[in-house]
Structures are given as C-alpha cells and as structure tokens.
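> I have a structure I would like to understand better, so I am pasting it below and will then ask my questions one at a time.
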Amino acid sequence: MRGGGPVHAVDERLAEWAAHATPAQRRAGPTVHDLGGMDAVTAAADHLATGPFLPYLIQATAHYLQQADSEDAAPLCDAVISGMRRQDNHAAFATAADALAARPALARTLGTPLTRAMLARLNAAQDAGDDLAAALIGAEAADCLVQLTLAGVTRPAQLLGALDEATEDAAALPEPFAARLLRLLGVLDAHHPTAGLRDALER
C-alpha cells in the first residue's frame, strides 16, 4: 500500500473491520482475529510494522496478550519493536507511541528491547538536522518514554541520562525536538526533583 503499491490482504481485513466496528471497537482497536488470524498477521508483520497501520498492530498485540502468554505473542511483540525502531512516518509513529503509552502492560511485556528502540529514536533526533520527521519522531519517543517512566514501566535513570546528554549542546538540537524537550524535562523534574535536571532545563 505504501508508495502506490498493491493493497495487502491485511489492509483489506482492516478496512472491512473498520467499516463494521462500533465507535467503542474502533477506539479499542482491532484484534488479531479481525486482521485475519495469527498466521495472516505474522505474514504481514513487516508491512504492518513499517507502514501506516503500526498503531493497529500495537492494539491487536495488546488484545492478544490479554488471552495468551508472551511466548505465544512473541512474533507480534517482535513486530511492534521492529516498527518502533524502523517506522519513518511521523504520524504513524506518533499514534503508535500514544497507543503504547496507553497500554503500559504491553510496554512492560515488550521490556528492554522497546526501551532501547525508543532511546535510539531519541538519540537519532539529536543529529536529525533538516530531517523534520526524524526530529519529531525523536520527540514522540521521548514523550512516550516519559509517560512509561511515570507509569513505572521504564526505569527513570535510563531516560534521565538520555535527556541530560541530549541537552549538553542544546543549541545544536533541531528546533522541533528542542521545543518538546523543554516540557518533558519540566515534567520529569517535577516528579524526580533530586535527579539533577535543573542544569538541563537551564541549558
């Protein structure tokens, strides 16, 4: 579907689901069954992870984990992490990050690989230059990590260290990224006043 390519089978299942879903179902997102079953979703994992429907993959994975253990859901979890690592569309990444922040149980199951993927996006934004999408994706990743940290999913030290490092040369940061960091640093400083973020805020 991306780049004018052929419509993928899972896209058709998603369109069919959306056409018949109630407003409450649309808010909760599709299940793996709605997308054609585990085999179909696994076959389309890369398509879902890197395309515009990454948020739906996250929602379907969260639903699946409510009924199965993490081992059975491993292909879905791997696809979600891959998507957060590789997604290059800002709108899709932002919606996916919101979906993760709203599902701390899923984020906890994804664990350290998710945190590393999000920190990598945060770090990449520092050198984004004129790449607006990369800068905004880094800001979305930082925002999601802040929410997961406040929810007790991500360890504060990981994020605090990354944000402190990111502000060492604040003038060199892409403006959209720097503007978002100021608010996030303020939120973290309010919740972790002894973490030493005052210097970062002043920078």
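Numbering starts fresh at 1 for the residues of each chain in the structure tokens, the chains themselves are lettered A, B, ... in the order given, and ligands are numbered from 1 as they appear.
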I'd like the contact shell of A:Ile81 - 9 Å cut-off, only C-alpha atoms, skipping same-chain residues fewer than 4 positions apart - returned as a ChimeraX atom specification.

/A:49,76-77,85-86,110,113-114,117

> Please identify the alpha helix (DSSP H) residues within stretch 1-202 of chain A (assignment by DSSP from backbone atoms) and present them as a ChimeraX atom specification.

/A:9-20,23-28,38-43,45-50,54-65,74-86,90-101,104-125,132-150,156-166,175-191,198-202

> Counting only C-alpha atoms, which of A:Thr109, A:Ser82, A:Gln87, A:Thr95 gets nearest to A:Leu65?

A:Thr109

> Grab the atom CA of A:Gly51 to atom CA of A:Gly29 distance for me, in Å with one decimal place.

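Atom CA of A:Gly29 lies 16.4 Å from atom CA of A:Gly51.
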
> Quick one: everything within 12 Å of stretch 169-181 of chain A, counting only C-alpha atoms, minus sequence neighbours fewer than 5 positions away in the same chain. Send it as a PyMOL selection string.

chain A and resi 121-146+159-160+162-164+186-189+197+199-203

> Go through A:Leu57, A:Leu35, A:Ala151, A:Ala101 and flag the residue nearest A:Glu12, using only C-alpha atoms for the distances.

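Result for the nearest residue to A:Glu12: A:Leu35.
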
> Quick one: residues within 12 Å of A:Met38, only C-alpha atoms counted, chain neighbours fewer than 3 positions away excluded, as a PyMOL selection string?

chain A and resi 10+31-35+41-45+57+60-61+64+68+72-76

> For the residues in that selection, give me C-alpha atoms as an mmCIF file, in the first residue's frame.


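Listed below is the output, result.cif:
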```cif
data_model
loop_
_atom_site.group_PDB
_atom_site.id
_atom_site.type_symbol
_atom_site.label_atom_id
_atom_site.label_comp_id
_atom_site.auth_asym_id
_atom_site.auth_seq_id
_atom_site.Cartn_x
_atom_site.Cartn_y
_atom_site.Cartn_z
ATOM 1 C CA VAL A 10 -4.318 -7.452 5.855
ATOM 2 C CA THR A 31 -7.925 -7.948 17.385
ATOM 3 C CA VAL A 32 -5.625 -10.434 15.689
ATOM 4 C CA HIS A 33 -8.768 -12.268 14.560
ATOM 5 C CA ASP A 34 -10.069 -9.077 12.946
ATOM 6 C CA LEU A 35 -6.832 -8.867 10.944
ATOM 7 C CA VAL A 41 -0.677 -11.062 10.859
ATOM 8 C CA THR A 42 2.691 -12.797 11.145
ATOM 9 C CA ALA A 43 2.970 -12.933 7.352
ATOM 10 C CA ALA A 44 2.180 -9.207 7.185
ATOM 11 C CA ALA A 45 4.293 -8.260 10.212
ATOM 12 C CA LEU A 57 -0.636 -3.800 15.172
ATOM 13 C CA ALA A 60 -4.052 -6.120 18.201
ATOM 14 C CA THR A 61 -0.972 -7.267 20.119
ATOM 15 C CA TYR A 64 -3.845 -10.889 22.094
ATOM 16 C CA ALA A 68 -2.311 -15.614 25.617
ATOM 17 C CA ASP A 72 2.760 -17.177 22.025
ATOM 18 C CA ALA A 73 2.710 -13.462 21.265
ATOM 19 C CA ALA A 74 6.456 -13.273 20.558
ATOM 20 C CA PRO A 75 6.080 -12.728 16.768
ATOM 21 C CA LEU A 76 3.674 -9.861 17.399
#
```

> Give me the residues near A:Ala92 as number ranges by chain, where near means some atom within 9 Å (using only C-alpha atoms) and where sequence neighbours in that chain fewer than 4 positions away do not count.

A: 50-55, 87-88, 96-97

> Restricted to all heavy atoms, what would the selected residues look like written as a PDB file, in the first residue's frame?


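Just written: selection.pdb:
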```pdb
ATOM      1  N   THR A  50       6.132  -1.258   9.406  1.00  0.00           N
ATOM      2  CA  THR A  50       6.757  -0.108   8.747  1.00  0.00           C
ATOM      3  C   THR A  50       5.769   0.760   7.986  1.00  0.00           C
ATOM      4  O   THR A  50       6.153   1.813   7.481  1.00  0.00           O
ATOM      5  CB  THR A  50       7.853  -0.580   7.780  1.00  0.00           C
ATOM      6  OG1 THR A  50       7.270  -1.449   6.792  1.00  0.00           O
ATOM      7  CG2 THR A  50       8.947  -1.335   8.524  1.00  0.00           C
ATOM      8  N   GLY A  51       4.524   0.325   7.913  1.00  0.00           N
ATOM      9  CA  GLY A  51       3.516   1.092   7.190  1.00  0.00           C
ATOM     10  C   GLY A  51       2.647   1.935   8.104  1.00  0.00           C
ATOM     11  O   GLY A  51       2.932   2.084   9.296  1.00  0.00           O
ATOM     12  N   PRO A  52       1.571   2.478   7.558  1.00  0.00           N
ATOM     13  CA  PRO A  52       0.731   3.404   8.329  1.00  0.00           C
ATOM     14  C   PRO A  52      -0.125   2.731   9.396  1.00  0.00           C
ATOM     15  O   PRO A  52      -0.749   3.433  10.198  1.00  0.00           O
ATOM     16  CB  PRO A  52      -0.153   4.041   7.252  1.00  0.00           C
ATOM     17  CG  PRO A  52      -0.213   3.023   6.157  1.00  0.00           C
ATOM     18  CD  PRO A  52       1.135   2.360   6.154  1.00  0.00           C
ATOM     19  N   PHE A  53      -0.163   1.391   9.413  1.00  0.00           N
ATOM     20  CA  PHE A  53      -1.055   0.697  10.333  1.00  0.00           C
ATOM     21  C   PHE A  53      -0.343   0.145  11.569  1.00  0.00           C
ATOM     22  O   PHE A  53      -0.884  -0.729  12.257  1.00  0.00           O
ATOM     23  CB  PHE A  53      -1.784  -0.435   9.599  1.00  0.00           C
ATOM     24  CG  PHE A  53      -2.643   0.054   8.467  1.00  0.00           C
ATOM     25  CD1 PHE A  53      -2.672  -0.625   7.263  1.00  0.00           C
ATOM     26  CD2 PHE A  53      -3.408   1.203   8.593  1.00  0.00           C
ATOM     27  CE1 PHE A  53      -3.461  -0.172   6.212  1.00  0.00           C
ATOM     28  CE2 PHE A  53      -4.194   1.664   7.552  1.00  0.00           C
ATOM     29  CZ  PHE A  53      -4.223   0.972   6.352  1.00  0.00           C
ATOM     30  N   LEU A  54       0.848   0.638  11.857  1.00  0.00           N
ATOM     31  CA  LEU A  54       1.564   0.220  13.066  1.00  0.00           C
ATOM     32  C   LEU A  54       0.712   0.381  14.329  1.00  0.00           C
ATOM     33  O   LEU A  54       0.725  -0.509  15.193  1.00  0.00           O
ATOM     34  CB  LEU A  54       2.873   0.998  13.196  1.00  0.00           C
ATOM     35  CG  LEU A  54       3.678   0.785  14.480  1.00  0.00           C
ATOM     36  CD1 LEU A  54       4.060  -0.681  14.665  1.00  0.00           C
ATOM     37  CD2 LEU A  54       4.930   1.673  14.472  1.00  0.00           C
ATOM     38  N   PRO A  55      -0.044   1.467  14.501  1.00  0.00           N
ATOM     39  CA  PRO A  55      -0.875   1.578  15.708  1.00  0.00           C
ATOM     40  C   PRO A  55      -1.865   0.425  15.858  1.00  0.00           C
ATOM     41  O   PRO A  55      -2.130  -0.037  16.972  1.00  0.00           O
ATOM     42  CB  PRO A  55      -1.601   2.918  15.516  1.00  0.00           C
ATOM     43  CG  PRO A  55      -0.702   3.705  14.611  1.00  0.00           C
ATOM     44  CD  PRO A  55      -0.110   2.694  13.682  1.00  0.00           C
ATOM     45  N   GLN A  87       9.978   2.619  11.884  1.00  0.00           N
ATOM     46  CA  GLN A  87       8.916   3.455  11.309  1.00  0.00           C
ATOM     47  C   GLN A  87       9.462   4.852  10.993  1.00  0.00           C
ATOM     48  O   GLN A  87      10.047   5.508  11.853  1.00  0.00           O
ATOM     49  CB  GLN A  87       7.759   3.557  12.291  1.00  0.00           C
ATOM     50  CG  GLN A  87       6.627   4.455  11.857  1.00  0.00           C
ATOM     51  CD  GLN A  87       5.942   3.970  10.596  1.00  0.00           C
ATOM     52  OE1 GLN A  87       5.968   4.669   9.588  1.00  0.00           O
ATOM     53  NE2 GLN A  87       5.321   2.804  10.649  1.00  0.00           N
ATOM     54  N   ASP A  88       9.251   5.313   9.752  1.00  0.00           N
ATOM     55  CA  ASP A  88       9.784   6.624   9.374  1.00  0.00           C
ATOM     56  C   ASP A  88       8.707   7.657   9.067  1.00  0.00           C
ATOM     57  O   ASP A  88       9.011   8.759   8.619  1.00  0.00           O
ATOM     58  CB  ASP A  88      10.742   6.494   8.176  1.00  0.00           C
ATOM     59  CG  ASP A  88      10.069   5.882   6.946  1.00  0.00           C
ATOM     60  OD1 ASP A  88       8.832   5.712   6.955  1.00  0.00           O
ATOM     61  OD2 ASP A  88      10.788   5.583   5.972  1.00  0.00           O
ATOM     62  N   ALA A  96       1.318   5.434  17.183  1.00  0.00           N
ATOM     63  CA  ALA A  96       1.799   4.193  17.789  1.00  0.00           C
ATOM     64  C   ALA A  96       2.353   4.448  19.188  1.00  0.00           C
ATOM     65  O   ALA A  96       2.105   3.667  20.126  1.00  0.00           O
ATOM     66  CB  ALA A  96       2.873   3.562  16.904  1.00  0.00           C
ATOM     67  N   ALA A  97       3.090   5.534  19.347  1.00  0.00           N
ATOM     68  CA  ALA A  97       3.642   5.868  20.662  1.00  0.00           C
ATOM     69  C   ALA A  97       2.520   6.152  21.657  1.00  0.00           C
ATOM     70  O   ALA A  97       2.599   5.754  22.830  1.00  0.00           O
ATOM     71  CB  ALA A  97       4.578   7.072  20.542  1.00  0.00           C
TER      72      ALA A  97
END
```

> What does the structure give for the distance between atom CA of A:Gln66 and atom CA of A:Ala107, in Å to one decimal?

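Between atom CA of A:Gln66 and atom CA of A:Ala107 the gap works out to 13.1 Å.
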
> Looking at only C-alpha atoms, which of A:Glu71, A:Glu16, A:Glu168, A:Asp11 is the one that sits closest to A:Leu48?

A:Asp11

> Using Å and a single decimal, report how far atom CA of A:His8 sits from atom CA of A:Gly36.

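So the answer is 11.8 Å.
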
> Any idea what's packed within 9 Å of A:Leu148, counting only C-alpha atoms, ignoring anything in its chain fewer than 6 positions away? Could you give it as a list in words?

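Within the cut-off, the hits are Leu100, Ala101, Ala102, Pro104, Ala107, Arg108, Thr154 and Arg155 of chain A.
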